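Peer 1: One structure follows; several queries about it will come next.
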Amino acid sequence: MDRIVVVGASVAGVNVVEALRQGGFEGDVTLVGAEPQLPYDRPPLSKEALKAGPGAADVALRPRDWYDEHGIALRLGQRAVRLSAAARQVVLADGSRLPYDGLVIATGSAVRTWNQTEQTGPVRVLRTLSDAAALHAELRPGRHIVIIGAGFIGLEIAATARELGLAASVIEIEAAPLARVVGAETGRWFADLHAAHGVSVHVGSRIERIERSGDQSKIALSDGTHLTADLVVAGVGVTPATAWLGGSNISIDDGVVCDARLRTTLPGVVAAGDIARWHNPLFGHDMRVEHWLNAVEQGKHAALSLLGSDEPYTHVPYFWSDQFGEKIHSVGITSDADVSAVRRLDANGISVVFGRHGVVRGALCVNAPRDVARYRQAIRDRTPWEDLVPEPNRSPQWPT
């Protein structure tokens, strides 16, 4: 193997090229990125970079000379538009073709856009550095921002906006923020947190229409509520960026399908990061994880798999968020639980554990770093639910 192409100048992509060199690969390595900037970190975009402006936040993953020192050829500002598997070539937007012996797919996710059939004004999204710059310029004290979607990104934008002196409203179709991830009961804690900091949280309601009125947007909700917004932002999730792979005969099913070693259905091709749907032996099923730490670890593992390693990738998902100074951590899988228990609930934080089929599967912890480490190990060890949450030890009750 003499030539490796990594498509996706992402956290996963950068960790791939670093691991290739650390693993002893001395051939040509090319890193392709659709954006013109050096590869950068995305988590600060909804926090530090959004609050202070992208120019004030150091988001570059590596300085430019790092790529030179490691012999990494950068093809930035060039989107991959097609994969020719038969010819083993990646076709770029400018028509150039990159031949490869080994290929790593790390193109991540594309932001979902708001279905604005009756929308006459702009609805912003936050996914890229340019998105953060444009949104930061609009976050002026006294304005009212309305955020569609109460996932982690939407809640982080709301928290940042409030800290900058804006009025903020969040609209969520589910019964509580993050209900699809941690359940409605746990989601209530996030609703209360944001309400305590002045965020207006509208749950269990959908948008009926958005109409432009001068410099503002008029928003009508299904429960009869009407909001007037200076700025509307949609945080309704992402989808794996697989469009450029059409016609390549690679298997796609909510991401690029991989085995436990991150190898795809095409010879010499692996995947890493948001786009990879792989079989995780630790949980016994296929999964796709949109978390920073997974992108780091999976990028490294994909590189080693491409170089011949047969080790399976067993990862415990891990995610964190900062909102109004609260340190929020999620480990494992919380969305498919058949049982949960509140293990801690007080003025300083919470810890909720989730189980499925008799074993510990996930946990959500706020301001509880020791609990995070404990539960992550319990998930990795497939600890029986009864060992962690014995029946006589009743869980604390949520306040009513």
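Residue names in the structure tokens use chain letters A, B, ... in the order shown, residue numbers from 1 in each chain, and ligand numbers from 1 in the order shown.
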As a list in words, which residues of range 297-341 of chain A does DSSP assign to strand (DSSP E or B)?

Peer 2: Tyr318, Phe319, Trp320, Ser321, Asp322, Gln323, Glu326, Lys327, Ile328, His329, Ser330, Val331, Gly332, Val339, Ser340 and Ala341 of chain A

Peer 1: Return as CSV the residues of range 251-352 of chain A lying at most 12 Å from range 356-378 of chain A, together with the closest atom-to-atom pair for each and the distance in Å to one decimal, counting only C-alpha atoms, with rows in chain order and ascending residue number.

Peer 2:
```
residue,atom,partner,partner_atom,distance
A:Leu282,CA,A:Arg361,CA,10.1
A:Phe283,CA,A:Arg361,CA,8.2
A:Gly284,CA,A:Arg361,CA,11.6
A:His315,CA,A:Arg376,CA,10.3
A:Val316,CA,A:Arg376,CA,7.0
A:Pro317,CA,A:Gly362,CA,8.7
A:Tyr318,CA,A:Arg376,CA,8.4
A:Phe319,CA,A:Leu364,CA,9.5
A:Trp320,CA,A:Cys365,CA,9.4
A:Ser321,CA,A:Val366,CA,9.5
A:Asp322,CA,A:Val366,CA,9.7
A:Gln323,CA,A:Val366,CA,10.3
A:Phe324,CA,A:Val366,CA,11.8
A:Gly325,CA,A:Asn367,CA,9.5
A:Glu326,CA,A:Asn367,CA,6.4
A:Lys327,CA,A:Asn367,CA,5.1
A:Ile328,CA,A:Val366,CA,4.5
A:His329,CA,A:Cys365,CA,5.2
A:Ser330,CA,A:Leu364,CA,4.5
A:Val331,CA,A:Ala363,CA,5.3
A:Gly332,CA,A:Gly362,CA,4.1
A:Ile333,CA,A:Gly362,CA,4.7
A:Thr334,CA,A:Gly362,CA,5.0
A:Ser335,CA,A:Gly362,CA,8.7
A:Asp336,CA,A:Arg356,CA,7.4
A:Ala337,CA,A:Arg356,CA,5.0
A:Asp338,CA,A:Arg356,CA,5.2
A:Val339,CA,A:Arg356,CA,6.4
A:Ser340,CA,A:Arg356,CA,8.8
A:Ala341,CA,A:Ala363,CA,9.4
A:Val342,CA,A:Leu364,CA,9.5
A:Arg343,CA,A:Cys365,CA,9.7
A:Arg344,CA,A:Cys365,CA,8.8
A:Leu345,CA,A:Val366,CA,9.5
A:Asp346,CA,A:Val366,CA,10.3
A:Ala347,CA,A:Asn367,CA,10.3
A:Asn348,CA,A:Asn367,CA,6.8
A:Gly349,CA,A:Val366,CA,4.9
A:Ile350,CA,A:Val366,CA,5.1
A:Ser351,CA,A:Cys365,CA,4.3
A:Val352,CA,A:Leu364,CA,5.2
```

Peer 1: Compile a residue-level contact table for range 101-219 of chain A against range 39-44 of chain A at a cut-off of 9 Å, reporting for every qualifying residue the shortest atom pair and its distance in Å to one decimal, with only C-alpha atoms counted, rows ordered by chain and ascending number, as a tab-separated table.

Peer 2:
```
residue	atom	partner	partner_atom	distance
A:Arg127	CA	A:Arg42	CA	7.6
A:Thr128	CA	A:Arg42	CA	7.4
A:Leu129	CA	A:Arg42	CA	7.9
```

Peer 1: Measuring atom to atom with only C-alpha atoms, identify which of A:Ser248, A:Ser305, A:Thr242, A:Thr228 is nearest to Arg261 in chain A.

Peer 2: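 Of A:Ser248, A:Ser305, A:Thr242, A:Thr228, the one nearest Arg261 in chain A is A:Ser305, counting only C-alpha atoms.
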
Peer 1: Report as a ChimeraX atom specification all protein, DNA and RNA residues lying within 7 Å of range 89-96 of chain A, evaluated on only C-alpha atoms, omitting residues in the same chain fewer than 5 positions from it.

Peer 2: /A:78-84

Peer 1: Which residue gives the smallest distance to Gly27 in chain A among A:Asp101, A:Asp131, A:Glu69, A:Asp58, with only C-alpha atoms counted?

Peer 2: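 Between A:Asp101, A:Asp131, A:Glu69, A:Asp58, the residue approaching Gly27 in chain A most closely is A:Asp101.
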
Peer 1: Ranking A:Leu262, A:Ala133, A:Val111, A:Val17 by minimum distance to Trp66 in chain A and counting only C-alpha atoms, which one comes first?

Peer 2: A:Val17

Peer 1: Just want the 12 Å neighbourhood of range 206-223 of chain A, counted on only C-alpha atoms, with same-chain residues fewer than 2 positions away dropped. Output as a PyMOL selection string.

Peer 2: chain A and resi 114-123+143-149+169-175+202-204+225-234

Peer 1: Applying 7 Å and only C-alpha atoms, which residues near range 2-9 of chain A remain after dropping the ones on its own chain fewer than 3 positions away? List them as a list of chain:residue names.

Peer 2: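 That gives A:Gly13, A:Val14, A:Gly27, A:Asp28, A:Val29, A:Thr30, A:Leu31, A:Val32, A:Gly33, A:Pro39, A:Tyr100, A:Asp101, A:Gly102, A:Leu103, A:Val104, A:Ile105, A:Ala106, A:Thr107.
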
Peer 1: With N, CA and C atoms kept, could you save the residues just selected as an mmCIF file, in the first residue's frame?

Peer 2:
```cif
data_model
loop_
_atom_site.group_PDB
_atom_site.id
_atom_site.type_symbol
_atom_site.label_atom_id
_atom_site.label_comp_id
_atom_site.auth_asym_id
_atom_site.auth_seq_id
_atom_site.Cartn_x
_atom_site.Cartn_y
_atom_site.Cartn_z
ATOM 1 N N GLY A 13 -10.881 12.494 10.592
ATOM 2 C CA GLY A 13 -9.883 12.501 9.527
ATOM 3 C C GLY A 13 -8.496 12.860 10.012
ATOM 4 N N VAL A 14 -8.394 13.856 10.872
ATOM 5 C CA VAL A 14 -7.088 14.270 11.396
ATOM 6 C C VAL A 14 -6.484 13.168 12.256
ATOM 7 N N GLY A 27 4.022 5.905 3.152
ATOM 8 C CA GLY A 27 3.593 6.273 1.805
ATOM 9 C C GLY A 27 2.915 7.622 1.755
ATOM 10 N N ASP A 28 2.290 7.929 0.620
ATOM 11 C CA ASP A 28 1.602 9.206 0.434
ATOM 12 C C ASP A 28 0.279 9.215 1.193
ATOM 13 N N VAL A 29 0.039 10.320 1.896
ATOM 14 C CA VAL A 29 -1.236 10.510 2.610
ATOM 15 C C VAL A 29 -1.822 11.844 2.175
ATOM 16 N N THR A 30 -3.054 11.815 1.694
ATOM 17 C CA THR A 30 -3.752 13.028 1.273
ATOM 18 C C THR A 30 -5.024 13.184 2.089
ATOM 19 N N LEU A 31 -5.220 14.371 2.638
ATOM 20 C CA LEU A 31 -6.408 14.684 3.434
ATOM 21 C C LEU A 31 -7.262 15.672 2.650
ATOM 22 N N VAL A 32 -8.507 15.283 2.351
ATOM 23 C CA VAL A 32 -9.415 16.093 1.537
ATOM 24 C C VAL A 32 -10.470 16.716 2.434
ATOM 25 N N GLY A 33 -10.705 18.034 2.251
ATOM 26 C CA GLY A 33 -11.725 18.720 3.041
ATOM 27 C C GLY A 33 -12.542 19.668 2.194
ATOM 28 N N PRO A 39 -8.505 21.929 9.246
ATOM 29 C CA PRO A 39 -9.442 21.147 10.060
ATOM 30 C C PRO A 39 -9.583 21.737 11.458
ATOM 31 N N TYR A 100 -6.067 5.852 -5.080
ATOM 32 C CA TYR A 100 -5.736 5.374 -3.739
ATOM 33 C C TYR A 100 -5.517 3.865 -3.751
ATOM 34 N N ASP A 101 -4.707 3.425 -2.812
ATOM 35 C CA ASP A 101 -4.609 2.004 -2.486
ATOM 36 C C ASP A 101 -5.480 1.702 -1.262
ATOM 37 N N GLY A 102 -5.525 2.685 -0.359
ATOM 38 C CA GLY A 102 -6.391 2.601 0.811
ATOM 39 C C GLY A 102 -7.166 3.896 0.944
ATOM 40 N N LEU A 103 -8.427 3.776 1.363
ATOM 41 C CA LEU A 103 -9.296 4.951 1.476
ATOM 42 C C LEU A 103 -9.976 4.954 2.837
ATOM 43 N N VAL A 104 -10.027 6.147 3.451
ATOM 44 C CA VAL A 104 -10.764 6.331 4.698
ATOM 45 C C VAL A 104 -11.881 7.346 4.445
ATOM 46 N N ILE A 105 -13.103 6.940 4.716
ATOM 47 C CA ILE A 105 -14.261 7.824 4.566
ATOM 48 C C ILE A 105 -14.560 8.443 5.920
ATOM 49 N N ALA A 106 -14.418 9.763 6.010
ATOM 50 C CA ALA A 106 -14.628 10.471 7.279
ATOM 51 C C ALA A 106 -15.337 11.803 7.025
ATOM 52 N N THR A 107 -16.337 11.766 6.134
ATOM 53 C CA THR A 107 -17.021 13.008 5.752
ATOM 54 C C THR A 107 -18.091 13.448 6.736
#
```

Peer 1: Do you have the CA of Ala49 in chain A-CA of Leu61 in chain A distance handy?

Peer 2: 14.1 Å

Peer 1: Calculate how many Å separate CA of Ala302 in chain A from CA of Leu76 in chain A, rounding to one decimal.

Peer 2: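 Here the two named atoms are 21.5 Å from each other.
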
Peer 1: I need the helix (DSSP H, G or I) residues of range 154-374 of chain A per DSSP on the backbone, written as an NGL selection string.

Peer 2: :A and (154-163 or 179-196 or 243-245 or 273-275 or 292-306 or 369-374)

Peer 1: Residues at most 7 Å from Ala303 in chain A, counting only C-alpha atoms, excluding those fewer than 5 positions away in the same chain, as a PyMOL selection string?

Peer 2: chain A and resi 16+19-20

Peer 1: In Å, how far is it from CA of Ile250 in chain A to CA of Gly268 in chain A?

Peer 2: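 Straight-line distance from CA of Ile250 in chain A to CA of Gly268 in chain A works out to 11.8 Å.
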
Peer 1: Taking into account only C-alpha atoms, which residue in the set A:Gly55, A:Trp244, A:Pro63, A:Lys47 is nearest to Arg162 in chain A?

Peer 2: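 Under the stated criterion, the closest residue is A:Lys47.
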
Peer 1: Residues near Trp278 in chain A, anyone? I mean within 6 Å using only C-alpha atoms, not counting same-chain ones fewer than 4 positions away, as a PyMOL selection string.

Peer 2: chain A and resi 257-260+286-287

Peer 1: Deliver the residues from the most recent selection as a file, using C-alpha atoms, as a PDB file, in the first residue's frame.

Peer 2:
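This is the output file part.pdb:
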```pdb
ATOM      1  CA  VAL A 257     -22.010   0.116   6.886  1.00  0.00           C
ATOM      2  CA  CYS A 258     -18.859  -1.325   8.510  1.00  0.00           C
ATOM      3  CA  ASP A 259     -17.911  -4.492  10.306  1.00  0.00           C
ATOM      4  CA  ALA A 260     -16.518  -4.550  13.822  1.00  0.00           C
ATOM      5  CA  ASP A 286     -24.759  -1.877  14.836  1.00  0.00           C
ATOM      6  CA  MET A 287     -24.531   1.757  15.871  1.00  0.00           C
TER       7      MET A 287
END
```
